[in-house]
$ cat start.pdb   # PDB, C-alpha atoms
ATOM      1  CA  MET G   1       2.821 -10.884 -16.223  1.00  0.00           C
ATOM      2  CA  ALA G   2       3.711 -13.377 -13.504  1.00  0.00           C
ATOM      3  CA  LEU G   3       3.906 -12.477  -9.818  1.00  0.00           C
ATOM      4  CA  LYS G   4       6.259 -13.471  -7.034  1.00  0.00           C
ATOM      5  CA  HIS G   5       3.829 -13.999  -4.169  1.00  0.00           C
ATOM      6  CA  GLU G   6       5.329 -13.566  -0.704  1.00  0.00           C
ATOM      7  CA  PRO G   7       2.498 -12.387   1.571  1.00  0.00           C
ATOM      8  CA  THR G   8       3.446  -9.685   4.067  1.00  0.00           C
ATOM      9  CA  ALA G   9       1.997  -8.922   7.497  1.00  0.00           C
ATOM     10  CA  PRO G  10      -0.495  -6.326   6.131  1.00  0.00           C
ATOM     11  CA  TYR G  11      -1.761  -8.970   3.687  1.00  0.00           C
ATOM     12  CA  HIS G  12      -2.433 -11.406   6.538  1.00  0.00           C
ATOM     13  CA  SER G  13      -4.108  -8.630   8.570  1.00  0.00           C
ATOM     14  CA  ALA G  14      -6.387  -7.770   5.640  1.00  0.00           C
ATOM     15  CA  GLN G  15      -7.267 -11.453   5.177  1.00  0.00           C
ATOM     16  CA  ASP G  16      -8.152 -11.765   8.873  1.00  0.00           C
ATOM     17  CA  ALA G  17     -10.189  -8.545   8.699  1.00  0.00           C
ATOM     18  CA  LEU G  18     -12.107  -9.961   5.727  1.00  0.00           C
ATOM     19  CA  ARG G  19     -12.928 -13.085   7.761  1.00  0.00           C
ATOM     20  CA  VAL G  20     -14.247 -10.891  10.575  1.00  0.00           C
ATOM     21  CA  LEU G  21     -16.309  -8.813   8.129  1.00  0.00           C
ATOM     22  CA  GLU G  22     -17.816 -11.901   6.476  1.00  0.00           C
ATOM     23  CA  THR G  23     -18.778 -13.264   9.893  1.00  0.00           C
ATOM     24  CA  VAL G  24     -20.359  -9.961  10.983  1.00  0.00           C
ATOM     25  CA  ALA G  25     -22.297  -9.823   7.702  1.00  0.00           C
ATOM     26  CA  ARG G  26     -23.737 -13.307   8.339  1.00  0.00           C
ATOM     27  CA  HIS G  27     -25.226 -12.082  11.643  1.00  0.00           C
ATOM     28  CA  SER G  28     -27.711  -9.486  10.374  1.00  0.00           C
ATOM     29  CA  THR G  29     -28.878  -8.578  13.894  1.00  0.00           C
ATOM     30  CA  GLY G  30     -25.334  -8.207  15.263  1.00  0.00           C
ATOM     31  CA  VAL G  31     -22.676 -10.410  16.834  1.00  0.00           C
ATOM     32  CA  ILE G  32     -20.644  -9.996  20.045  1.00  0.00           C
ATOM     33  CA  ASP G  33     -16.842 -10.214  20.077  1.00  0.00           C
ATOM     34  CA  THR G  34     -16.647 -13.543  21.960  1.00  0.00           C
ATOM     35  CA  LEU G  35     -18.802 -15.230  19.302  1.00  0.00           C
ATOM     36  CA  LEU G  36     -16.724 -13.562  16.574  1.00  0.00           C
ATOM     37  CA  ALA G  37     -13.573 -14.991  18.128  1.00  0.00           C
ATOM     38  CA  ARG G  38     -15.094 -18.455  18.274  1.00  0.00           C
ATOM     39  CA  GLU G  39     -16.419 -18.417  14.701  1.00  0.00           C
ATOM     40  CA  THR G  40     -13.302 -16.890  13.092  1.00  0.00           C
ATOM     41  CA  GLY G  41     -10.721 -18.700  15.218  1.00  0.00           C
ATOM     42  CA  ILE G  42      -8.933 -15.375  15.826  1.00  0.00           C
ATOM     43  CA  GLY G  43      -7.609 -14.719  19.338  1.00  0.00           C
ATOM     44  CA  MET G  44      -9.282 -11.974  21.385  1.00  0.00           C
ATOM     45  CA  GLU G  45      -6.259  -9.666  21.491  1.00  0.00           C
ATOM     46  CA  ARG G  46      -5.853  -9.726  17.702  1.00  0.00           C
ATOM     47  CA  LEU G  47      -9.605  -9.566  17.162  1.00  0.00           C
ATOM     48  CA  THR G  48      -9.857  -6.444  19.344  1.00  0.00           C
ATOM     49  CA  ALA G  49      -7.203  -4.712  17.201  1.00  0.00           C
ATOM     50  CA  LEU G  50      -8.950  -5.767  13.972  1.00  0.00           C
ATOM     51  CA  LEU G  51     -12.337  -4.547  15.229  1.00  0.00           C
ATOM     52  CA  ARG G  52     -10.769  -1.231  16.215  1.00  0.00           C
ATOM     53  CA  MET G  53      -9.425  -0.826  12.671  1.00  0.00           C
ATOM     54  CA  LEU G  54     -12.721  -1.919  11.090  1.00  0.00           C
ATOM     55  CA  ARG G  55     -14.677   0.583  13.216  1.00  0.00           C
ATOM     56  CA  ARG G  56     -12.241   3.383  12.367  1.00  0.00           C
ATOM     57  CA  GLU G  57     -12.635   2.603   8.658  1.00  0.00           C
ATOM     58  CA  GLY G  58     -16.440   2.485   8.893  1.00  0.00           C
ATOM     59  CA  TYR G  59     -16.696  -1.199   7.933  1.00  0.00           C
ATOM     60  CA  VAL G  60     -18.380  -2.221  11.206  1.00  0.00           C
ATOM     61  CA  GLU G  61     -20.350  -0.363  13.858  1.00  0.00           C
ATOM     62  CA  GLN G  62     -20.994  -1.248  17.486  1.00  0.00           C
ATOM     63  CA  VAL G  63     -24.615  -1.007  18.597  1.00  0.00           C
ATOM     64  CA  THR G  64     -25.975  -0.297  22.062  1.00  0.00           C
ATOM     65  CA  ASP G  65     -25.783  -3.875  23.359  1.00  0.00           C
ATOM     66  CA  GLY G  66     -22.100  -4.118  22.350  1.00  0.00           C
ATOM     67  CA  ALA G  67     -22.738  -6.265  19.296  1.00  0.00           C
ATOM     68  CA  TYR G  68     -21.121  -5.508  15.939  1.00  0.00           C
ATOM     69  CA  VAL G  69     -23.022  -4.892  12.693  1.00  0.00           C
ATOM     70  CA  THR G  70     -21.826  -3.947   9.204  1.00  0.00           C
ATOM     71  CA  GLY G  71     -21.075  -0.258   8.688  1.00  0.00           C
ATOM     72  CA  HIS G  72     -21.851   2.376   6.064  1.00  0.00           C
ATOM     73  CA  ALA G  73     -18.472   2.119   4.316  1.00  0.00           C
ATOM     74  CA  LEU G  74     -18.975  -1.589   3.651  1.00  0.00           C
ATOM     75  CA  ALA G  75     -22.467  -0.977   2.286  1.00  0.00           C
ATOM     76  CA  ARG G  76     -21.193   1.690  -0.090  1.00  0.00           C
ATOM     77  CA  LEU G  77     -18.194  -0.313  -1.314  1.00  0.00           C
ATOM     78  CA  GLY G  78     -20.453  -3.313  -1.841  1.00  0.00           C
ATOM     79  CA  SER G  79     -22.722  -1.325  -4.160  1.00  0.00           C
ATOM     80  CA  ALA G  80     -21.945  -2.020  -7.807  1.00  0.00           C
ATOM     81  CA  GLN G  81     -23.503   1.283  -8.831  1.00  0.00           C
ATOM     82  CA  ASP G  82     -20.870   3.601  -7.358  1.00  0.00           C
ATOM     83  CA  ARG G  83     -18.151   1.181  -6.224  1.00  0.00           C
ATOM     84  CA  GLU G  84     -15.340   2.822  -8.204  1.00  0.00           C
ATOM     85  CA  GLN G  85     -16.091   6.291  -6.851  1.00  0.00           C
ATOM     86  CA  ALA G  86     -16.632   4.937  -3.338  1.00  0.00           C
ATOM     87  CA  LEU G  87     -13.310   3.074  -3.440  1.00  0.00           C
ATOM     88  CA  ARG G  88     -11.455   6.156  -4.645  1.00  0.00           C
ATOM     89  CA  GLU G  89     -12.969   8.288  -1.872  1.00  0.00           C
ATOM     90  CA  LYS G  90     -12.266   5.615   0.748  1.00  0.00           C
ATOM     91  CA  LEU G  91      -8.627   5.276  -0.312  1.00  0.00           C
ATOM     92  CA  GLN G  92      -8.212   9.062  -0.394  1.00  0.00           C
ATOM     93  CA  HIS G  93      -9.569   9.321   3.147  1.00  0.00           C
ATOM     94  CA  THR G  94      -7.083   6.652   4.269  1.00  0.00           C
ATOM     95  CA  LEU G  95      -4.204   8.401   2.478  1.00  0.00           C
ATOM     96  CA  ASP G  96      -5.113  11.772   4.012  1.00  0.00           C
ATOM     97  CA  ARG G  97      -5.075  10.234   7.482  1.00  0.00           C
ATOM     98  CA  LEU G  98      -1.753   8.517   6.778  1.00  0.00           C
ATOM     99  CA  ARG G  99      -0.241  11.793   5.527  1.00  0.00           C
ATOM    100  CA  ASP G 100      -1.251  13.527   8.751  1.00  0.00           C
ATOM    101  CA  SER G 101      -0.040  10.739  11.042  1.00  0.00           C
ATOM    102  CA  VAL G 102       3.247  10.161   9.204  1.00  0.00           C
ATOM    103  CA  GLY G 103       3.899  13.844   8.463  1.00  0.00           C
ATOM    104  CA  ALA G 104       4.815  13.241   4.814  1.00  0.00           C
ATOM    105  CA  ALA G 105       3.304  12.942   1.353  1.00  0.00           C
ATOM    106  CA  VAL G 106       1.846   9.452   0.784  1.00  0.00           C
ATOM    107  CA  TYR G 107       1.171   7.637  -2.502  1.00  0.00           C
ATOM    108  CA  ILE G 108      -0.636   4.569  -3.835  1.00  0.00           C
ATOM    109  CA  SER G 109       0.907   3.118  -6.972  1.00  0.00           C
ATOM    110  CA  ARG G 110      -0.099   0.169  -9.162  1.00  0.00           C
ATOM    111  CA  TYR G 111       1.584  -1.810 -11.923  1.00  0.00           C
ATOM    112  CA  VAL G 112      -0.992  -1.611 -14.723  1.00  0.00           C
ATOM    113  CA  ASP G 113      -0.530  -3.083 -18.217  1.00  0.00           C
ATOM    114  CA  GLY G 114       3.218  -3.254 -17.775  1.00  0.00           C
ATOM    115  CA  GLU G 115       3.621   0.316 -16.511  1.00  0.00           C
ATOM    116  CA  VAL G 116       4.141   2.080 -13.177  1.00  0.00           C
ATOM    117  CA  LYS G 117       1.187   4.300 -12.343  1.00  0.00           C
ATOM    118  CA  VAL G 118       0.666   6.512  -9.284  1.00  0.00           C
ATOM    119  CA  THR G 119      -3.104   6.249  -8.887  1.00  0.00           C
ATOM    120  CA  GLN G 120      -3.646   8.482  -5.836  1.00  0.00           C
ATOM    121  CA  TYR G 121      -1.650  10.560  -3.390  1.00  0.00           C
ATOM    122  CA  ALA G 122      -2.095  12.867  -0.430  1.00  0.00           C
ATOM    123  CA  ASP G 123       0.114  15.899   0.085  1.00  0.00           C
ATOM    124  CA  GLY G 124      -0.214  19.309   1.705  1.00  0.00           C
ATOM    125  CA  PRO G 125       1.519  22.651   2.324  1.00  0.00           C
ATOM    126  CA  THR G 126       3.909  21.122   4.868  1.00  0.00           C
ATOM    127  CA  THR G 127       4.062  17.696   3.177  1.00  0.00           C
ATOM    128  CA  PRO G 128       4.812  18.433  -0.501  1.00  0.00           C
ATOM    129  CA  ALA G 129       4.658  15.683  -3.111  1.00  0.00           C
ATOM    130  CA  VAL G 130       7.725  14.750  -5.158  1.00  0.00           C
ATOM    131  CA  ASN G 131       8.318  16.922  -8.188  1.00  0.00           C
ATOM    132  CA  GLU G 132       7.821  14.391 -11.011  1.00  0.00           C
ATOM    133  CA  TRP G 133      10.619  15.778 -13.152  1.00  0.00           C
ATOM    134  CA  VAL G 134      10.945  12.434 -14.966  1.00  0.00           C
ATOM    135  CA  ASP G 135       7.757  10.462 -15.675  1.00  0.00           C
ATOM    136  CA  PHE G 136       7.438   7.675 -13.079  1.00  0.00           C
ATOM    137  CA  ARG G 137       6.667   5.231 -15.908  1.00  0.00           C
ATOM    138  CA  TYR G 138      10.220   5.643 -17.205  1.00  0.00           C
ATOM    139  CA  SER G 139      12.076   5.790 -13.893  1.00  0.00           C
ATOM    140  CA  ALA G 140      11.068   2.609 -12.048  1.00  0.00           C
ATOM    141  CA  HIS G 141      14.753   1.710 -11.639  1.00  0.00           C
ATOM    142  CA  ALA G 142      15.357   4.885  -9.623  1.00  0.00           C
ATOM    143  CA  THR G 143      12.271   5.155  -7.392  1.00  0.00           C
ATOM    144  CA  ALA G 144      11.171   3.311  -4.269  1.00  0.00           C
ATOM    145  CA  ILE G 145       7.755   2.947  -5.905  1.00  0.00           C
ATOM    146  CA  GLY G 146       9.158   1.415  -9.085  1.00  0.00           C
ATOM    147  CA  LYS G 147      11.522  -0.937  -7.306  1.00  0.00           C
ATOM    148  CA  THR G 148       8.768  -2.145  -4.967  1.00  0.00           C
ATOM    149  CA  LEU G 149       6.451  -2.869  -7.892  1.00  0.00           C
ATOM    150  CA  LEU G 150       9.183  -4.597  -9.914  1.00  0.00           C
ATOM    151  CA  GLY G 151      10.138  -6.570  -6.823  1.00  0.00           C
ATOM    152  CA  GLN G 152       6.700  -8.218  -6.828  1.00  0.00           C
ATOM    153  CA  LEU G 153       7.115  -9.494 -10.403  1.00  0.00           C
ATOM    154  CA  ASP G 154       8.936 -12.625 -11.477  1.00  0.00           C
ATOM    155  CA  HIS G 155      12.343 -12.441 -13.178  1.00  0.00           C
ATOM    156  CA  ASN G 156      11.031 -12.536 -16.756  1.00  0.00           C
ATOM    157  CA  SER G 157       8.489  -9.778 -16.111  1.00  0.00           C
ATOM    158  CA  ARG G 158      11.209  -7.588 -14.585  1.00  0.00           C
ATOM    159  CA  ARG G 159      13.453  -8.162 -17.608  1.00  0.00           C
ATOM    160  CA  ASP G 160      10.561  -7.344 -19.926  1.00  0.00           C
ATOM    161  CA  HIS G 161      10.014  -4.037 -18.119  1.00  0.00           C
ATOM    162  CA  LEU G 162      13.700  -3.084 -18.215  1.00  0.00           C
ATOM    163  CA  SER G 163      13.907  -3.983 -21.920  1.00  0.00           C
ATOM    164  CA  ARG G 164      11.203  -1.397 -22.604  1.00  0.00           C
ATOM    165  CA  HIS G 165      12.615   1.375 -20.399  1.00  0.00           C
ATOM    166  CA  LYS G 166      16.239   2.513 -20.600  1.00  0.00           C
ATOM    167  CA  MET G 167      17.832   2.904 -17.171  1.00  0.00           C
ATOM    168  CA  ALA G 168      18.848   6.557 -17.373  1.00  0.00           C
ATOM    169  CA  ARG G 169      21.151   8.118 -14.765  1.00  0.00           C
ATOM    170  CA  LEU G 170      18.964  10.658 -12.959  1.00  0.00           C
ATOM    171  CA  THR G 171      21.394  11.457 -10.132  1.00  0.00           C
ATOM    172  CA  SER G 172      24.872  10.298  -9.135  1.00  0.00           C
ATOM    173  CA  ARG G 173      23.208   7.610  -6.979  1.00  0.00           C
ATOM    174  CA  THR G 174      20.982   6.076  -9.672  1.00  0.00           C
ATOM    175  CA  ILE G 175      21.556   2.402 -10.493  1.00  0.00           C
ATOM    176  CA  THR G 176      21.962   2.073 -14.259  1.00  0.00           C
ATOM    177  CA  SER G 177      23.107  -1.565 -14.458  1.00  0.00           C
ATOM    178  CA  ASP G 178      20.222  -3.966 -15.024  1.00  0.00           C
ATOM    179  CA  ARG G 179      22.311  -6.784 -13.527  1.00  0.00           C
ATOM    180  CA  LEU G 180      22.880  -4.789 -10.329  1.00  0.00           C
ATOM    181  CA  LEU G 181      19.249  -3.719 -10.108  1.00  0.00           C
ATOM    182  CA  LEU G 182      17.958  -7.267 -10.594  1.00  0.00           C
ATOM    183  CA  SER G 183      20.399  -8.486  -7.938  1.00  0.00           C
ATOM    184  CA  CYS G 184      19.144  -5.815  -5.501  1.00  0.00           C
ATOM    185  CA  LEU G 185      15.517  -6.766  -6.207  1.00  0.00           C
ATOM    186  CA  ASP G 186      16.273 -10.451  -5.578  1.00  0.00           C
ATOM    187  CA  ALA G 187      17.968  -9.631  -2.272  1.00  0.00           C
ATOM    188  CA  GLN G 188      15.165  -7.357  -1.018  1.00  0.00           C
ATOM    189  CA  PRO G 189      13.119  -9.037   1.781  1.00  0.00           C
ATOM    190  CA  PRO G 190       9.364  -8.522   1.157  1.00  0.00           C
ATOM    191  CA  THR G 191       8.817  -7.311   4.724  1.00  0.00           C
ATOM    192  CA  VAL G 192      11.504  -4.581   4.574  1.00  0.00           C
ATOM    193  CA  PRO G 193      10.610  -1.189   3.012  1.00  0.00           C
ATOM    194  CA  VAL G 194      12.369  -0.332  -0.260  1.00  0.00           C
ATOM    195  CA  LEU G 195      14.309   2.941  -0.053  1.00  0.00           C
ATOM    196  CA  ASP G 196      15.241   5.628  -2.578  1.00  0.00           C
ATOM    197  CA  LEU G 197      17.996   7.801  -1.146  1.00  0.00           C
ATOM    198  CA  GLN G 198      18.294  10.576  -3.740  1.00  0.00           C
ATOM    199  CA  GLU G 199      18.311   8.075  -6.618  1.00  0.00           C
ATOM    200  CA  TYR G 200      15.389   9.743  -8.399  1.00  0.00           C
ATOM    201  CA  ALA G 201      15.891  13.365  -7.362  1.00  0.00           C
ATOM    202  CA  VAL G 202      18.570  15.225  -5.431  1.00  0.00           C
ATOM    203  CA  GLY G 203      17.153  16.469  -2.130  1.00  0.00           C
ATOM    204  CA  THR G 204      14.398  13.845  -1.838  1.00  0.00           C
ATOM    205  CA  VAL G 205      14.242  10.462  -0.090  1.00  0.00           C
ATOM    206  CA  CYS G 206      11.424   7.917  -0.426  1.00  0.00           C
ATOM    207  CA  ALA G 207      10.322   4.549   0.910  1.00  0.00           C
ATOM    208  CA  ALA G 208       7.690   2.077  -0.271  1.00  0.00           C
ATOM    209  CA  VAL G 209       5.995  -1.106   0.956  1.00  0.00           C
ATOM    210  CA  PRO G 210       4.112  -3.686  -1.156  1.00  0.00           C
ATOM    211  CA  ILE G 211       0.318  -4.019  -1.168  1.00  0.00           C
ATOM    212  CA  THR G 212      -0.409  -7.013  -3.385  1.00  0.00           C
ATOM    213  CA  ALA G 213      -4.123  -7.864  -3.601  1.00  0.00           C
ATOM    214  CA  GLY G 214      -4.884 -10.946  -5.674  1.00  0.00           C
ATOM    215  CA  SER G 215      -3.262 -10.574  -9.088  1.00  0.00           C
ATOM    216  CA  SER G 216      -2.899  -6.803  -8.671  1.00  0.00           C
ATOM    217  CA  VAL G 217       0.569  -5.449  -7.845  1.00  0.00           C
ATOM    218  CA  GLY G 218       0.666  -2.248  -5.835  1.00  0.00           C
ATOM    219  CA  CYS G 219       2.521  -0.316  -3.173  1.00  0.00           C
ATOM    220  CA  LEU G 220       2.219   2.428  -0.594  1.00  0.00           C
ATOM    221  CA  ALA G 221       4.987   5.018  -0.592  1.00  0.00           C
ATOM    222  CA  VAL G 222       6.137   8.069   1.323  1.00  0.00           C
ATOM    223  CA  SER G 223       8.486  10.910   0.357  1.00  0.00           C
ATOM    224  CA  LEU G 224      10.432  13.375   2.474  1.00  0.00           C
ATOM    225  CA  PRO G 225      12.826  16.236   1.789  1.00  0.00           C
ATOM    226  CA  LEU G 226      16.445  15.323   2.501  1.00  0.00           C
ATOM    227  CA  GLU G 227      16.549  17.348   5.729  1.00  0.00           C
ATOM    228  CA  HIS G 228      13.938  14.942   7.143  1.00  0.00           C
ATOM    229  CA  ALA G 229      15.764  11.801   5.989  1.00  0.00           C
ATOM    230  CA  HIS G 230      16.221  10.730   9.628  1.00  0.00           C
ATOM    231  CA  ARG G 231      12.416  10.155   9.759  1.00  0.00           C
ATOM    232  CA  LEU G 232      12.279   7.958   6.657  1.00  0.00           C
ATOM    233  CA  ARG G 233      12.575   4.556   8.316  1.00  0.00           C
ATOM    234  CA  GLN G 234      10.027   5.453  10.983  1.00  0.00           C
ATOM    235  CA  ALA G 235       7.623   6.758   8.301  1.00  0.00           C
ATOM    236  CA  ALA G 236       8.072   3.587   6.232  1.00  0.00           C
ATOM    237  CA  ASP G 237       7.372   1.385   9.261  1.00  0.00           C
ATOM    238  CA  ALA G 238       4.202   3.399   9.944  1.00  0.00           C
ATOM    239  CA  LEU G 239       3.133   2.819   6.325  1.00  0.00           C
ATOM    240  CA  ASN G 240       3.688  -0.915   6.724  1.00  0.00           C
ATOM    241  CA  ARG G 241       1.593  -0.993   9.888  1.00  0.00           C
ATOM    242  CA  ASN G 242      -1.214   0.925   8.172  1.00  0.00           C
ATOM    243  CA  ALA G 243      -1.227  -0.900   4.829  1.00  0.00           C
ATOM    244  CA  ALA G 244      -3.948  -3.354   5.911  1.00  0.00           C
ATOM    245  CA  PRO G 245      -6.866  -0.866   5.543  1.00  0.00           C
ATOM    246  CA  VAL G 246      -5.728  -0.068   1.986  1.00  0.00           C
ATOM    247  CA  LEU G 247      -5.496  -3.756   1.106  1.00  0.00           C
ATOM    248  CA  LEU G 248      -8.876  -4.381   2.698  1.00  0.00           C
ATOM    249  CA  SER G 249     -10.543  -1.627   0.642  1.00  0.00           C
ATOM    250  CA  LEU G 250      -9.062  -3.103  -2.537  1.00  0.00           C
ATOM    251  CA  ALA G 251     -10.207  -6.624  -1.605  1.00  0.00           C
ATOM    252  CA  ILE G 252     -13.839  -5.842  -0.708  1.00  0.00           C
TER     253      ILE G 252
END
$ encode --input "start.pdb" --output "structure tokens"
Amino acid sequence: MALKHEPTAPYHSAQDALRVLETVARHSTGVIDTLLARETGIGMERLTALLRMLRREGYVEQVTDGAYVTGHALARLGSAQDREQALREKLQHTLDRLRDSVGAAVYISRYVDGEVKVTQYADGPTTPAVNEWVDFRYSAHATAIGKTLLGQLDHNSRRDHLSRHKMARLTSRTITSDRLLLSCLDAQPPTVPVLDLQEYAVGTVCAAVPITAGSSVGCLAVSLPLEHAHRLRQAADALNRNAAPVLLSLAI
């Protein structure tokens, strides 16, 4: 599987956050923000925003003299013994917070061994998850999740996927032409959320944004009932702004 790498803003934010974390870790007794700015080359305004995010996520802590030290979340994720469980819990915590701030069900999906896989999600009584009436593995052509994942692959990998999964018509809005779908994927800017406007299920709208970490293809997605469709773009933009902590957790 070959990837089409076009780094997005969350990717750059996660990379900068990693630089800050590595610098903090080198200073075992703590490091003040002005020294962090000098050593990382990151401007103070951006550094302040990154430190705010890193504190919120538990990756750094600020001690009494104002210096920054590594936090408990970083220590746990760095432990080989329970890394997988720690990562799952960390991502779930992030998803739960996103669900509450966006006011919609939120999903993490990955492209694993040539298949679409929703690995985690956060829903609730007032933010119900999509009814998976057709397995997501077989409906990538009709979902925001599937189209975002396919959009991160190269042309041959996309064709390979479509050759293995028939493009069934799930609603009157579903694209069933592989030529049309491939054209739409080529035209999709990497920084613009991918939308599903009742293509997968009548009465549901979705949006997704890419979260590519290394050679791993993934995405963050949100779903809303049709009566809340007017909030979809705003929810997708909020996802894009908050994708960096997810990428950072995957990269550590």
$ resolve_selection --input "start.pdb" --expression "the PyMOL selection byres ((chain G and resi 128) around 10)" --output "PDB file with C-alpha atoms, in the frame of the given file"
ATOM      1  CA  ALA G 104       4.815  13.241   4.814  1.00  0.00           C
ATOM      2  CA  ALA G 105       3.304  12.942   1.353  1.00  0.00           C
ATOM      3  CA  VAL G 106       1.846   9.452   0.784  1.00  0.00           C
ATOM      4  CA  ALA G 122      -2.095  12.867  -0.430  1.00  0.00           C
ATOM      5  CA  ASP G 123       0.114  15.899   0.085  1.00  0.00           C
ATOM      6  CA  GLY G 124      -0.214  19.309   1.705  1.00  0.00           C
ATOM      7  CA  PRO G 125       1.519  22.651   2.324  1.00  0.00           C
ATOM      8  CA  THR G 126       3.909  21.122   4.868  1.00  0.00           C
ATOM      9  CA  THR G 127       4.062  17.696   3.177  1.00  0.00           C
ATOM     10  CA  ALA G 129       4.658  15.683  -3.111  1.00  0.00           C
ATOM     11  CA  VAL G 130       7.725  14.750  -5.158  1.00  0.00           C
ATOM     12  CA  ASN G 131       8.318  16.922  -8.188  1.00  0.00           C
ATOM     13  CA  SER G 223       8.486  10.910   0.357  1.00  0.00           C
ATOM     14  CA  LEU G 224      10.432  13.375   2.474  1.00  0.00           C
ATOM     15  CA  PRO G 225      12.826  16.236   1.789  1.00  0.00           C
TER      16      PRO G 225
END
$ closest_residue --input "start.pdb" --among "G:Val112, G:Ser249, G:Cys219, G:Gly78" --to "His93 (chain G)" --atoms "all atoms listed in the file"
G:Ser249
$ resolve_selection --input "start.pdb" --expression "the PyMOL selection byres ((chain G and resi 144) around 10)" --output "list in words"
Ser139, Ala140, His141, Ala142, Thr143, Ile145, Gly146, Lys147, Thr148, Leu149, Leu150, Pro193, Val194, Leu195, Asp196, Leu197, Glu199, Tyr200, Val205, Cys206, Ala207, Ala208, Val209, Cys219, Leu220, Ala221, Val222 and Ser223 of chain G
$ write_last_selection --input "start.pdb" --atoms "C-alpha atoms" --output "short mmCIF file (atom, residue, chain, number, x, y, z; two decimals), in the frame of the given file"
data_model
loop_
_atom_site.label_atom_id
_atom_site.label_comp_id
_atom_site.auth_asym_id
_atom_site.auth_seq_id
_atom_site.Cartn_x
_atom_site.Cartn_y
_atom_site.Cartn_z
CA SER G 139 12.08 5.79 -13.89
CA ALA G 140 11.07 2.61 -12.05
CA HIS G 141 14.75 1.71 -11.64
CA ALA G 142 15.36 4.88 -9.62
CA THR G 143 12.27 5.16 -7.39
CA ILE G 145 7.76 2.95 -5.90
CA GLY G 146 9.16 1.42 -9.09
CA LYS G 147 11.52 -0.94 -7.31
CA THR G 148 8.77 -2.14 -4.97
CA LEU G 149 6.45 -2.87 -7.89
CA LEU G 150 9.18 -4.60 -9.91
CA PRO G 193 10.61 -1.19 3.01
CA VAL G 194 12.37 -0.33 -0.26
CA LEU G 195 14.31 2.94 -0.05
CA ASP G 196 15.24 5.63 -2.58
CA LEU G 197 18.00 7.80 -1.15
CA GLU G 199 18.31 8.07 -6.62
CA TYR G 200 15.39 9.74 -8.40
CA VAL G 205 14.24 10.46 -0.09
CA CYS G 206 11.42 7.92 -0.43
CA ALA G 207 10.32 4.55 0.91
CA ALA G 208 7.69 2.08 -0.27
CA VAL G 209 6.00 -1.11 0.96
CA CYS G 219 2.52 -0.32 -3.17
CA LEU G 220 2.22 2.43 -0.59
CA ALA G 221 4.99 5.02 -0.59
CA VAL G 222 6.14 8.07 1.32
CA SER G 223 8.49 10.91 0.36
#
$ residues_around --input "start.pdb" --residues "region 30-36 of chain G" --least-positions-apart "5" --cutoff "10 Å" --atoms "all atoms listed in the file" --output "PDB file with C-alpha atoms, in the frame of the given file"
ATOM      1  CA  ARG G  19     -12.928 -13.085   7.761  1.00  0.00           C
ATOM      2  CA  VAL G  20     -14.247 -10.891  10.575  1.00  0.00           C
ATOM      3  CA  LEU G  21     -16.309  -8.813   8.129  1.00  0.00           C
ATOM      4  CA  THR G  23     -18.778 -13.264   9.893  1.00  0.00           C
ATOM      5  CA  VAL G  24     -20.359  -9.961  10.983  1.00  0.00           C
ATOM      6  CA  ALA G  25     -22.297  -9.823   7.702  1.00  0.00           C
ATOM      7  CA  GLY G  41     -10.721 -18.700  15.218  1.00  0.00           C
ATOM      8  CA  ILE G  42      -8.933 -15.375  15.826  1.00  0.00           C
ATOM      9  CA  GLY G  43      -7.609 -14.719  19.338  1.00  0.00           C
ATOM     10  CA  MET G  44      -9.282 -11.974  21.385  1.00  0.00           C
ATOM     11  CA  LEU G  47      -9.605  -9.566  17.162  1.00  0.00           C
ATOM     12  CA  THR G  48      -9.857  -6.444  19.344  1.00  0.00           C
ATOM     13  CA  LEU G  51     -12.337  -4.547  15.229  1.00  0.00           C
ATOM     14  CA  GLU G  61     -20.350  -0.363  13.858  1.00  0.00           C
ATOM     15  CA  GLN G  62     -20.994  -1.248  17.486  1.00  0.00           C
ATOM     16  CA  VAL G  63     -24.615  -1.007  18.597  1.00  0.00           C
ATOM     17  CA  ASP G  65     -25.783  -3.875  23.359  1.00  0.00           C
ATOM     18  CA  GLY G  66     -22.100  -4.118  22.350  1.00  0.00           C
ATOM     19  CA  ALA G  67     -22.738  -6.265  19.296  1.00  0.00           C
ATOM     20  CA  TYR G  68     -21.121  -5.508  15.939  1.00  0.00           C
ATOM     21  CA  VAL G  69     -23.022  -4.892  12.693  1.00  0.00           C
ATOM     22  CA  THR G  70     -21.826  -3.947   9.204  1.00  0.00           C
TER      23      THR G  70
END
$ atom_distance --input "start.pdb" --atom1 "CA of Thr40 (chain G)" --atom2 "CA of Leu87 (chain G)"
25.9 Å
$ atom_distance --input "start.pdb" --atom1 "CA of Gly71 (chain G)" --atom2 "CA of Ser13 (chain G)"
18.9 Å
$ closest_residue --input "start.pdb" --among "G:Ala187, G:Val217, G:Val60, G:Val246" --to "Leu74 (chain G)" --atoms "all atoms listed in the file"
G:Val60
$ residues_around --input "start.pdb" --residues "Arg88 (chain G)" --least-positions-apart "5" --cutoff "12 Å" --atoms "only C-alpha atoms" --output "PyMOL selection string"
chain G and resi 76-77+82-83+93-95+108+119-121+246+249-250
$ atom_distance --input "start.pdb" --atom1 "CA of Gln198 (chain G)" --atom2 "CA of Leu162 (chain G)"
20.4 Å
$ resolve_selection --input "start.pdb" --expression "the PyMOL selection byres ((chain G and resi 155) around 10)" --output "list in words"
Ala2, Leu3, Lys4, Leu150, Gly151, Gln152, Leu153, Asp154, Asn156, Ser157, Arg158, Arg159, Asp160, Leu182, Leu185 and Asp186 of chain G
$ residues_around --input "start.pdb" --residues "Val102 (chain G)" --least-positions-apart "5" --cutoff "8 Å" --atoms "only C-alpha atoms" --output "NGL selection string"
:G and (235 or 238-239)
$ closest_residue --input "start.pdb" --among "G:Arg55, G:Arg137, G:Lys166, G:Arg46" --to "Gly114 (chain G)" --atoms "all atoms listed in the file"
G:Arg137
